[in-house]
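*Asks:* So I've got this file, protein-v1.tsv, and it contains TSV, C-alpha atoms and all ligand atoms:
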chain	number	residue	atom	x	y	z
R	1	MET	CA	193.03	216.60	245.63
R	2	SER	CA	190.87	219.62	244.93
R	3	VAL	CA	189.25	219.80	241.52
R	4	LEU	CA	187.72	222.82	239.84
R	5	VAL	CA	185.53	222.18	236.77
R	6	PHE	CA	184.88	224.93	234.22
R	7	LEU	CA	181.16	224.84	233.41
R	8	GLU	CA	180.15	226.19	230.03
R	9	HIS	CA	176.63	227.41	229.43
R	10	HIS	CA	174.72	228.46	226.34
R	11	GLY	CA	171.92	230.81	227.34
R	12	SER	CA	170.36	229.29	230.45
R	13	GLU	CA	171.55	225.79	229.70
R	14	LEU	CA	174.64	224.14	231.15
R	15	GLN	CA	176.48	222.16	228.50
R	16	ARG	CA	176.25	218.41	228.92
R	17	GLY	CA	179.93	217.95	228.10
R	18	SER	CA	181.04	220.01	231.09
R	19	LEU	CA	178.42	218.38	233.35
R	20	GLY	CA	179.86	215.02	232.25
R	21	VAL	CA	183.34	216.14	233.32
R	22	LEU	CA	181.90	217.35	236.65
R	23	SER	CA	180.22	213.95	237.24
R	24	LYS	CA	183.52	212.24	236.45
R	25	ALA	CA	185.45	214.49	238.85
R	26	ALA	CA	182.92	213.72	241.59
R	27	SER	CA	183.14	209.99	240.90
R	28	LEU	CA	186.91	210.01	241.53
R	29	GLY	CA	185.91	210.29	245.17
R	30	HIS	CA	188.93	212.30	246.31
R	31	GLY	CA	188.72	215.60	248.13
R	32	GLU	CA	186.88	218.69	247.06
R	33	VAL	CA	185.03	219.08	243.75
R	34	ALA	CA	183.91	222.57	242.81
R	35	ALA	CA	182.65	224.23	239.66
R	36	VAL	CA	183.01	227.70	238.22
R	37	LEU	CA	180.36	229.59	236.28
R	38	VAL	CA	181.17	232.76	234.36
R	39	GLY	CA	178.68	235.00	232.55
R	40	GLY	CA	175.63	237.18	232.93
R	41	GLY	CA	172.79	235.77	235.02
R	42	VAL	CA	174.53	232.46	235.71
R	43	LYS	CA	173.86	232.19	239.44
R	44	ALA	CA	170.56	230.44	238.75
R	45	LEU	CA	172.53	227.54	237.24
R	46	ALA	CA	174.57	226.86	240.39
R	47	SER	CA	172.09	224.52	242.00
R	48	GLU	CA	172.04	222.27	238.90
R	49	ALA	CA	175.83	222.03	239.19
R	50	GLY	CA	175.28	220.66	242.70
R	51	THR	CA	173.15	217.87	241.26
R	52	PHE	CA	176.11	216.76	239.15
R	53	GLY	CA	178.56	216.66	242.03
R	54	ALA	CA	179.81	220.19	242.79
R	55	GLY	CA	180.04	220.80	246.52
R	56	LYS	CA	180.81	224.44	245.87
R	57	VAL	CA	180.12	226.69	242.91
R	58	PHE	CA	182.13	229.85	242.23
R	59	VAL	CA	180.02	232.38	240.39
R	60	ALA	CA	181.48	235.28	238.44
R	61	GLU	CA	178.34	237.06	237.35
R	62	ASP	CA	178.47	240.22	235.34
R	63	GLU	CA	176.82	241.32	232.11
R	64	THR	CA	180.26	242.21	230.70
R	65	LEU	CA	181.17	238.51	230.99
R	66	GLU	CA	178.25	237.32	228.89
R	67	PRO	CA	180.03	237.37	225.47
R	68	PRO	CA	181.86	234.04	225.06
R	69	LEU	CA	185.39	235.49	225.15
R	70	PRO	CA	188.21	233.41	226.64
R	71	GLN	CA	190.46	236.04	228.30
R	72	PRO	CA	187.94	237.30	230.91
R	73	ARG	CA	187.31	233.64	231.82
R	74	VAL	CA	191.04	233.07	232.19
R	75	ASP	CA	191.12	236.02	234.64
R	76	VAL	CA	188.31	234.51	236.73
R	77	LEU	CA	189.74	230.99	236.77
R	78	ALA	CA	193.27	232.18	237.57
R	79	LYS	CA	191.91	234.10	240.55
R	80	VAL	CA	189.87	231.15	241.87
R	81	VAL	CA	192.78	228.72	241.44
R	82	ARG	CA	195.23	231.07	243.18
R	83	ASP	CA	192.90	232.17	246.00
R	84	ASP	CA	191.52	228.72	246.81
R	85	GLY	CA	194.54	226.60	245.95
R	86	PHE	CA	192.92	224.15	243.54
R	87	ASP	CA	195.44	221.57	242.33
R	88	THR	CA	193.40	220.37	239.32
R	89	VAL	CA	191.23	222.17	236.75
R	90	MET	CA	189.12	220.20	234.27
R	91	PHE	CA	187.42	221.28	231.04
R	92	ALA	CA	185.15	219.65	228.45
R	93	ASN	CA	186.49	220.49	225.02
R	94	SER	CA	184.75	223.18	222.99
R	95	VAL	CA	186.03	226.10	220.95
R	96	LEU	CA	185.72	228.34	224.04
R	97	ALA	CA	186.99	225.83	226.64
R	98	ALA	CA	190.10	224.99	224.60
R	99	ASP	CA	191.02	228.69	224.47
R	100	VAL	CA	190.36	229.17	228.19
R	101	ALA	CA	192.40	226.08	229.11
R	102	ALA	CA	195.36	227.18	226.97
R	103	GLY	CA	195.17	230.74	228.33
R	104	LEU	CA	195.00	229.51	231.92
R	105	ALA	CA	197.98	227.17	231.39
R	106	ALA	CA	200.07	230.11	230.22
R	107	ARG	CA	198.80	232.46	232.94
R	108	ILE	CA	199.47	230.21	235.93
R	109	ASP	CA	202.35	228.26	234.36
R	110	ALA	CA	200.51	224.95	234.59
R	111	GLY	CA	200.79	221.75	232.54
R	112	LEU	CA	197.83	221.01	230.27
R	113	ASN	CA	196.97	217.55	228.99
R	114	TRP	CA	194.43	217.80	226.17
R	115	ASP	CA	192.28	215.40	224.13
R	116	LEU	CA	191.86	213.13	227.15
R	117	VAL	CA	189.11	210.53	227.07
R	118	ASP	CA	189.33	209.40	230.68
R	119	VAL	CA	191.09	210.01	233.98
R	120	GLU	CA	191.67	207.90	237.05
R	121	SER	CA	193.23	208.18	240.45
R	122	ARG	CA	196.06	205.67	240.82
R	123	ASP	CA	197.91	205.38	244.13
R	124	GLY	CA	196.98	208.96	244.87
R	125	ALA	CA	198.22	210.27	241.50
R	126	LEU	CA	195.98	211.52	238.72
R	127	VAL	CA	196.46	209.62	235.45
R	128	GLY	CA	194.90	210.80	232.19
R	129	LYS	CA	194.08	208.60	229.18
R	130	ARG	CA	194.79	209.98	225.74
R	131	PRO	CA	194.35	208.29	222.35
R	132	ALA	CA	197.51	208.45	220.23
R	133	LEU	CA	198.81	207.27	216.85
R	134	GLN	CA	195.53	208.19	215.17
R	135	ASP	CA	193.51	206.66	217.99
R	136	SER	CA	195.00	203.20	217.57
R	137	VAL	CA	196.33	203.14	221.16
R	138	VAL	CA	195.46	204.83	224.43
R	139	VAL	CA	198.38	206.14	226.47
R	140	ASP	CA	198.63	207.13	230.12
R	141	VAL	CA	199.62	210.73	230.68
R	142	GLY	CA	200.49	212.55	233.87
R	143	TRP	CA	201.49	215.92	235.24
R	144	ARG	CA	204.87	216.85	236.74
R	145	SER	CA	203.49	219.71	238.80
R	146	THR	CA	200.34	221.32	240.09
R	147	PRO	CA	197.99	222.86	239.18
R	148	ARG	CA	197.21	220.18	236.62
R	149	LEU	CA	194.94	221.15	233.74
R	150	ALA	CA	192.91	218.55	231.83
R	151	LEU	CA	190.86	219.07	228.67
R	152	PHE	CA	188.56	216.17	227.77
R	153	ARG	CA	187.32	215.14	224.37
R	154	ALA	CA	183.64	215.86	223.69
R	155	GLY	CA	181.34	213.04	224.79
R	156	SER	CA	183.91	211.35	227.03
R	157	PHE	CA	181.60	211.12	230.03
R	158	ASP	CA	177.89	210.81	230.66
R	159	ALA	CA	176.39	213.63	232.69
R	160	ALA	CA	174.99	211.61	235.58
R	161	PRO	CA	173.22	213.33	238.48
R	162	THR	CA	174.99	212.22	241.65
R	163	SER	CA	173.18	213.92	244.53
R	164	ALA	CA	170.54	216.44	245.38
R	165	VAL	CA	172.78	218.43	247.71
R	166	GLU	CA	172.49	222.17	247.40
R	167	PRO	CA	176.03	223.46	246.71
R	168	GLN	CA	177.67	226.29	248.57
R	169	VAL	CA	177.74	229.32	246.27
R	170	GLU	CA	180.60	231.82	246.39
R	171	ASP	CA	180.62	235.04	244.41
R	172	VAL	CA	183.87	235.90	242.68
R	173	ALA	CA	184.71	239.59	242.41
R	174	VAL	CA	185.39	240.26	238.74
R	175	GLU	CA	188.68	242.06	238.18
R	176	LEU	CA	189.60	241.93	234.53
R	177	GLU	CA	193.11	242.49	233.24
R	178	GLU	CA	193.58	245.43	230.91
R	179	HIS	CA	194.15	243.16	227.89
R	180	SER	CA	191.04	241.11	228.69
R	181	ARG	CA	188.91	244.16	228.01
R	182	SER	CA	190.37	244.90	224.61
R	183	ALA	CA	188.44	242.28	222.60
R	184	LYS	CA	184.75	242.87	221.99
R	185	VAL	CA	182.09	240.67	220.45
R	186	VAL	CA	180.57	242.86	217.76
R	187	SER	CA	177.69	240.57	216.84
R	188	GLN	CA	176.61	237.02	217.42
R	189	GLU	CA	174.56	234.85	215.10
R	190	GLN	CA	172.58	231.95	216.43
R	191	GLU	CA	172.43	229.02	214.06
R	192	SER	CA	168.88	227.73	214.17
R	193	SER	CA	168.82	224.09	215.10
R	194	SER	CA	166.19	221.98	216.68
R	195	GLY	CA	168.36	219.14	218.01
R	196	PRO	CA	171.55	218.77	220.03
R	197	SER	CA	174.95	219.89	218.71
R	198	ILE	CA	177.31	217.15	217.50
R	199	GLU	CA	179.49	217.62	220.60
R	200	ASP	CA	176.55	216.88	222.87
R	201	ALA	CA	174.59	214.32	220.88
R	202	ASP	CA	174.30	210.66	221.88
R	203	VAL	CA	173.43	209.89	218.27
R	204	ILE	CA	175.00	211.37	215.13
R	205	VAL	CA	173.84	210.73	211.59
R	206	ALA	CA	176.64	211.92	209.32
R	207	GLY	CA	176.32	212.48	205.60
R	208	GLY	CA	178.99	212.29	202.92
R	209	ARG	CA	179.41	212.85	199.22
R	210	GLY	CA	177.36	209.72	198.58
R	211	LEU	CA	174.24	211.79	199.32
R	212	GLY	CA	174.78	213.19	195.83
R	213	ALA	CA	173.44	216.73	196.35
R	214	PRO	CA	173.05	219.22	199.21
R	215	GLU	CA	169.25	218.90	199.25
R	216	ASN	CA	169.61	215.19	199.98
R	217	PHE	CA	170.94	216.08	203.43
R	218	THR	CA	167.27	216.06	204.44
R	219	LEU	CA	167.62	212.24	204.43
R	220	ALA	CA	170.29	212.47	207.15
R	221	GLU	CA	168.36	215.21	208.98
R	222	GLU	CA	165.14	213.20	209.10
R	223	LEU	CA	166.89	210.09	210.36
R	224	ALA	CA	168.73	212.19	212.98
R	225	ARG	CA	165.45	213.77	214.08
R	226	ALA	CA	163.77	210.35	214.38
R	227	LEU	CA	166.69	209.11	216.52
R	228	GLY	CA	166.86	212.34	218.57
R	229	GLY	CA	170.37	213.00	217.31
R	230	ALA	CA	172.48	215.56	215.46
R	231	VAL	CA	173.74	215.73	211.88
R	232	GLY	CA	177.44	215.46	211.05
R	233	ALA	CA	179.25	215.82	207.74
R	234	THR	CA	182.49	214.93	205.99
R	235	ARG	CA	184.97	217.52	204.82
R	236	ALA	CA	184.15	216.69	201.21
R	237	VAL	CA	180.60	217.96	201.60
R	238	VAL	CA	181.59	220.89	203.82
R	239	ASP	CA	184.17	222.01	201.25
R	240	ALA	CA	181.54	221.68	198.55
R	241	GLY	CA	179.26	224.02	200.54
R	242	TRP	CA	176.61	221.35	201.13
R	243	TYR	CA	176.70	221.60	204.91
R	244	PRO	CA	178.17	224.01	207.51
R	245	TYR	CA	181.67	223.54	208.91
R	246	ALA	CA	180.23	223.31	212.45
R	247	ALA	CA	179.06	219.80	211.53
R	248	GLN	CA	182.40	218.57	210.14
R	249	VAL	CA	183.76	215.46	211.80
R	250	GLY	CA	187.40	214.48	211.43
R	251	GLN	CA	190.99	215.58	211.55
R	252	THR	CA	190.24	219.17	210.60
R	253	GLY	CA	186.77	219.16	212.12
R	254	LYS	CA	185.44	217.88	215.42
R	255	THR	CA	186.27	214.72	217.30
R	256	VAL	CA	183.11	213.07	218.56
R	257	SER	CA	182.25	209.91	220.45
R	258	PRO	CA	178.48	209.47	220.50
R	259	LYS	CA	176.84	206.20	221.54
R	260	LEU	CA	175.66	205.66	217.94
R	261	TYR	CA	177.25	207.01	214.73
R	262	VAL	CA	175.43	206.39	211.46
R	263	ALA	CA	177.62	207.10	208.41
R	264	VAL	CA	175.54	207.67	205.29
R	265	GLY	CA	177.39	207.70	201.96
R	266	ILE	CA	180.78	208.14	203.64
R	267	SER	CA	183.85	206.28	202.35
R	268	GLY	CA	185.67	206.22	205.71
R	269	ALA	CA	188.89	208.07	204.84
R	270	ILE	CA	191.46	208.08	207.65
R	271	GLN	CA	190.96	211.83	208.20
R	272	HIS	CA	187.26	211.19	208.86
R	273	LYS	CA	187.88	208.03	210.86
R	274	VAL	CA	190.09	209.77	213.45
R	275	GLY	CA	187.20	212.05	214.34
R	276	MET	CA	184.59	209.36	215.03
R	277	GLN	CA	186.18	205.98	215.60
R	278	SER	CA	185.73	206.10	219.36
R	279	SER	CA	181.93	206.16	218.90
R	280	GLY	CA	180.04	203.40	220.73
R	281	THR	CA	178.41	201.69	217.74
R	282	ILE	CA	179.21	202.62	214.15
R	283	VAL	CA	176.68	201.85	211.44
R	284	ALA	CA	177.66	202.42	207.80
R	285	ILE	CA	175.37	202.64	204.78
R	286	ASN	CA	177.33	202.56	201.53
R	287	LYS	CA	176.74	201.09	198.08
R	288	ASP	CA	180.38	200.00	197.72
R	289	PRO	CA	181.06	196.77	199.68
R	290	HIS	CA	184.79	197.59	199.58
R	291	ALA	CA	184.44	201.05	201.12
R	292	PRO	CA	187.04	201.45	203.92
R	293	ILE	CA	184.31	202.40	206.41
R	294	PHE	CA	183.22	198.77	206.55
R	295	GLU	CA	186.63	197.87	208.00
R	296	PHE	CA	185.79	199.65	211.26
R	297	ALA	CA	181.96	199.77	211.28
R	298	ASP	CA	180.17	197.51	213.77
R	299	LEU	CA	177.27	197.13	211.39
R	300	GLY	CA	177.24	197.64	207.65
R	301	VAL	CA	174.47	197.93	205.10
R	302	VAL	CA	175.54	197.63	201.46
R	303	GLY	CA	173.10	199.38	199.18
R	304	ASP	CA	171.71	202.63	197.82
R	305	LEU	CA	171.22	205.11	200.64
R	306	HIS	CA	168.32	206.73	198.79
R	307	SER	CA	166.19	203.66	199.33
R	308	ILE	CA	167.65	202.49	202.66
R	309	VAL	CA	167.66	205.72	204.69
R	310	PRO	CA	163.97	206.65	204.23
R	311	LYS	CA	162.94	203.10	205.18
R	312	LEU	CA	165.19	203.17	208.23
R	313	THR	CA	163.73	206.53	209.27
R	314	GLU	CA	160.20	205.09	208.96
R	315	LEU	CA	161.16	202.05	211.02
R	316	VAL	CA	162.69	204.21	213.76
R	317	ARG	CA	159.62	206.46	213.82
R	318	SER	CA	157.21	203.56	214.11
R	319	ALA	CA	159.38	201.77	216.70
R	320	ARG	CA	159.39	204.95	218.78
R	321	GLY	CA	155.60	205.19	218.45
I	401	LIG	C1	194.80	217.30	205.59
I	401	LIG	C2	193.44	216.71	205.35
I	401	LIG	C3	192.47	216.85	206.34
I	401	LIG	C4	191.21	216.30	206.16
I	401	LIG	N1	190.27	216.45	207.17
I	401	LIG	C5	189.09	215.82	207.03
I	401	LIG	C6	188.11	215.89	208.08
I	401	LIG	O1	188.28	216.55	209.10
I	401	LIG	N2	186.95	215.23	207.90
I	401	LIG	C7	186.67	214.50	206.77
I	401	LIG	O2	185.58	213.92	206.69
I	401	LIG	N3	187.57	214.46	205.77
I	401	LIG	C8	188.75	215.10	205.86
I	401	LIG	N4	189.63	215.07	204.82
I	401	LIG	C9	189.16	214.53	203.53
I	401	LIG	C10	189.19	213.02	203.45
I	401	LIG	O3	190.48	212.60	203.01
I	401	LIG	C11	188.14	212.50	202.44
I	401	LIG	O4	188.36	213.11	201.20
I	401	LIG	C12	186.68	212.77	202.85
I	401	LIG	O5	186.47	212.35	204.18
I	401	LIG	C13	185.76	212.02	201.92
I	401	LIG	O6	184.45	212.39	202.18
I	401	LIG	P1	183.24	211.45	201.79
I	401	LIG	O7	183.36	210.14	202.48
I	401	LIG	O8	182.00	212.26	201.98
I	401	LIG	O9	183.40	211.30	200.20
I	401	LIG	P2	183.91	210.11	199.31
I	401	LIG	O10	185.26	209.65	199.72
I	401	LIG	O11	183.74	210.55	197.91
I	401	LIG	O12	182.91	208.92	199.61
I	401	LIG	C14	181.57	208.89	199.22
I	401	LIG	C15	181.03	207.48	199.52
I	401	LIG	O13	179.66	207.43	199.23
I	401	LIG	C16	179.36	206.17	198.65
I	401	LIG	N5	178.15	206.34	197.84
I	401	LIG	C17	178.02	207.05	196.67
I	401	LIG	N6	176.72	207.01	196.26
I	401	LIG	C18	176.04	206.26	197.17
I	401	LIG	C19	174.69	205.85	197.29
I	401	LIG	N7	173.76	206.22	196.39
I	401	LIG	N8	174.35	205.07	198.34
I	401	LIG	C20	175.27	204.66	199.25
I	401	LIG	N9	176.58	205.03	199.20
I	401	LIG	C21	176.95	205.81	198.17
I	401	LIG	C22	180.59	205.83	197.82
I	401	LIG	O14	180.67	204.41	197.64
I	401	LIG	C23	181.71	206.38	198.67
I	401	LIG	O15	182.24	205.39	199.54
I	401	LIG	C24	190.89	215.60	204.98
I	401	LIG	C25	191.88	215.46	204.00
I	401	LIG	C26	193.12	216.00	204.18
I	401	LIG	C27	194.16	215.80	203.12
Could you write out this file's structure as structure tokens?

*Replies:*
Amino acid sequence: MSVLVFLEHHGSELQRGSLGVLSKAASLGHGEVAAVLVGGGVKALASEAGTFGAGKVFVAEDETLEPPLPQPRVDVLAKVVRDDGFDTVMFANSVLAADVAAGLAARIDAGLNWDLVDVESRDGALVGKRPALQDSVVVDVGWRSTPRLALFRAGSFDAAPTSAVEPQVEDVAVELEEHSRSAKVVSQEQESSSGPSIEDADVIVAGGRGLGAPENFTLAEELARALGGAVGATRAVVDAGWYPYAAQVGQTGKTVSPKLYVAVGISGAIQHKVGMQSSGTIVAINKDPHAPIFEFADLGVVGDLHSIVPKLTELVRSARG
């Protein structure tokens, strides 16, 4: 088996989700594991990829590749897969990676299994694990042909350094298709945030309509900061304009699986539940003892969030010194 992992970077930082997928690929212990980096000034990141298990890193470095557009990345990946004969390509889900994976599947006529939460090697065959029926069961999925493409749900794997071996670095000549040059990024806004994004966070504190007003999101933000986590939101508050869509968790938002998910003033509607129920530990704070969230929370606190959350934040701060 030869696995190629698409590594996504933001600025000079490799995304933990894709490093987690790389660690997982390396832990399968079969054949070659390589990574591909695409962008401007990305060569400097190759050695870090080695730490997470890449024996070889393909680098397509060019300033024209810096904007986060999928088609040029599809060109690069298709070339590496064809030239080097990789039989498996893995991605950590993100807006960009999902587009690249779908584009690559079409380009090289490969089967793509998406929304996977795990993968294993069984009797020499690769078997993916995918939640189904609103995450109530996990099914085995396979591929009928190679190359096999796999897109993993955010937070599926820990990014664990595996070795300190310096990877072999190979430059990829960038030859873009005509149509890959037709889209241009006109401008890019950087949302200011001090903590991790919800896709990368080990801890998410999510706020719902129970917060009562947009300014009360500071309660969730302060608790998230104390825990070193990110802030999530329900669709109800996103639709109301209380919090940005980027933070929405659920059926029409993001699917997350942090180690700890704290739901503050969230009822636990099924459309929210499907986006967070695979979290490690779920803590719910809600004044209604019959709120559906208590049916699947590991720990529940019944009471007014306005008095509970500030106290919890204080406790976390003092426990962390
Ligand atoms: C097609 C479709 C897609 C959807 N996609 C999504 C999605 O992606 N994500 C999503 O989240 N929703 C989604 N929804 C909406 C979903 O059905 C719910 O309406 C939404 O999740 C409810 O948000 P909420 O929990 O913030 O609000 P509510 O359901 O209004 O719950 C607020 C909770 O706060 C509690 N509360 C109130 N005051 C306090 C207080 N002072 N202290 C403690 N607790 C308090 C209440 O008891 C209540 O349980 C979707 C719906 C549809 C139809």

*Asks:* With 8 Å as the cut-off and all atoms listed in the file counted, what is the closest atom pair between each nearby residue of chain R and ligand LIG 401 (chain I)? Distances in Å to one decimal, ordered by chain and number, as JSON lines.

*Replies:*
{"residue": "R:Gly207", "atom": "CA", "partner": "I:LIG401", "partner_atom": "O8", "distance": 6.7}
{"residue": "R:Gly208", "atom": "CA", "partner": "I:LIG401", "partner_atom": "O8", "distance": 3.2}
{"residue": "R:Arg209", "atom": "CA", "partner": "I:LIG401", "partner_atom": "O8", "distance": 3.8}
{"residue": "R:Gly210", "atom": "CA", "partner": "I:LIG401", "partner_atom": "O13", "distance": 3.3}
{"residue": "R:Leu211", "atom": "CA", "partner": "I:LIG401", "partner_atom": "N6", "distance": 6.2}
{"residue": "R:Gly212", "atom": "CA", "partner": "I:LIG401", "partner_atom": "N6", "distance": 6.5}
{"residue": "R:Ala233", "atom": "CA", "partner": "I:LIG401", "partner_atom": "O2", "distance": 6.7}
{"residue": "R:Thr234", "atom": "CA", "partner": "I:LIG401", "partner_atom": "O2", "distance": 3.3}
{"residue": "R:Arg235", "atom": "CA", "partner": "I:LIG401", "partner_atom": "C7", "distance": 4.0}
{"residue": "R:Ala236", "atom": "CA", "partner": "I:LIG401", "partner_atom": "O6", "distance": 4.4}
{"residue": "R:Val237", "atom": "CA", "partner": "I:LIG401", "partner_atom": "O8", "distance": 5.9}
{"residue": "R:Gln248", "atom": "CA", "partner": "I:LIG401", "partner_atom": "N2", "distance": 6.1}
{"residue": "R:Val249", "atom": "CA", "partner": "I:LIG401", "partner_atom": "N2", "distance": 5.0}
{"residue": "R:Gly250", "atom": "CA", "partner": "I:LIG401", "partner_atom": "O1", "distance": 3.2}
{"residue": "R:Gln251", "atom": "CA", "partner": "I:LIG401", "partner_atom": "O1", "distance": 3.8}
{"residue": "R:Thr252", "atom": "CA", "partner": "I:LIG401", "partner_atom": "O1", "distance": 3.6}
{"residue": "R:Gly253", "atom": "CA", "partner": "I:LIG401", "partner_atom": "O1", "distance": 4.3}
{"residue": "R:Lys254", "atom": "CA", "partner": "I:LIG401", "partner_atom": "O1", "distance": 7.1}
{"residue": "R:Val264", "atom": "CA", "partner": "I:LIG401", "partner_atom": "N9", "distance": 6.7}
{"residue": "R:Gly265", "atom": "CA", "partner": "I:LIG401", "partner_atom": "O13", "distance": 3.6}
{"residue": "R:Ile266", "atom": "CA", "partner": "I:LIG401", "partner_atom": "O7", "distance": 3.5}
{"residue": "R:Ser267", "atom": "CA", "partner": "I:LIG401", "partner_atom": "O15", "distance": 3.4}
{"residue": "R:Gly268", "atom": "CA", "partner": "I:LIG401", "partner_atom": "O7", "distance": 5.6}
{"residue": "R:Ala269", "atom": "CA", "partner": "I:LIG401", "partner_atom": "O5", "distance": 5.0}
{"residue": "R:Ile270", "atom": "CA", "partner": "I:LIG401", "partner_atom": "O3", "distance": 6.6}
{"residue": "R:Gln271", "atom": "CA", "partner": "I:LIG401", "partner_atom": "C5", "distance": 4.6}
{"residue": "R:His272", "atom": "CA", "partner": "I:LIG401", "partner_atom": "O2", "distance": 3.9}
{"residue": "R:Lys273", "atom": "CA", "partner": "I:LIG401", "partner_atom": "O2", "distance": 7.6}
{"residue": "R:Gly275", "atom": "CA", "partner": "I:LIG401", "partner_atom": "O1", "distance": 7.0}
{"residue": "R:Ile285", "atom": "CA", "partner": "I:LIG401", "partner_atom": "C20", "distance": 5.9}
{"residue": "R:Asn286", "atom": "CA", "partner": "I:LIG401", "partner_atom": "N9", "distance": 3.5}
{"residue": "R:Lys287", "atom": "CA", "partner": "I:LIG401", "partner_atom": "C20", "distance": 4.0}
{"residue": "R:Asp288", "atom": "CA", "partner": "I:LIG401", "partner_atom": "O14", "distance": 4.4}
{"residue": "R:Pro289", "atom": "CA", "partner": "I:LIG401", "partner_atom": "O14", "distance": 7.9}
{"residue": "R:Ala291", "atom": "CA", "partner": "I:LIG401", "partner_atom": "O15", "distance": 5.1}
{"residue": "R:Pro292", "atom": "CA", "partner": "I:LIG401", "partner_atom": "O15", "distance": 7.6}
{"residue": "R:Ile293", "atom": "CA", "partner": "I:LIG401", "partner_atom": "O15", "distance": 7.8}
{"residue": "R:Val302", "atom": "CA", "partner": "I:LIG401", "partner_atom": "C20", "distance": 7.4}
{"residue": "R:Gly303", "atom": "CA", "partner": "I:LIG401", "partner_atom": "C20", "distance": 5.7}
{"residue": "R:Asp304", "atom": "CA", "partner": "I:LIG401", "partner_atom": "N8", "distance": 3.6}
{"residue": "R:Leu305", "atom": "CA", "partner": "I:LIG401", "partner_atom": "N8", "distance": 3.9}
{"residue": "R:His306", "atom": "CA", "partner": "I:LIG401", "partner_atom": "N7", "distance": 6.0}

*Asks:* Provide the atom CA of Leu149 of chain R to atom CA of Arg73 of chain R distance in Å, to one decimal place.

*Replies:* 14.8 Å

*Asks:* Would you mind listing what lies within 12 Å of Val95 of chain R as a PyMOL selection string, with only C-alpha atoms counted and same-chain residues fewer than 6 positions away left out?

*Replies:* chain R and resi 8+68-70+101-102+151+153-154+199+246+253-255

*Asks:* I need the residue nearest Ala220 of chain R from this list: R:Ser163, R:Tyr243, R:Ser187, R:Val238. Use all atoms listed in the file for the distance.

*Replies:*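 Residue with the minimum atom-to-atom distance to Ala220 of chain R: R:Tyr243.
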
*Asks:* Quick one, how far is atom CA of Val89 of chain R from atom CA of Ala35 of chain R?

*Replies:*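 Separation between atom CA of Val89 of chain R and atom CA of Ala35 of chain R: 9.3 Å.
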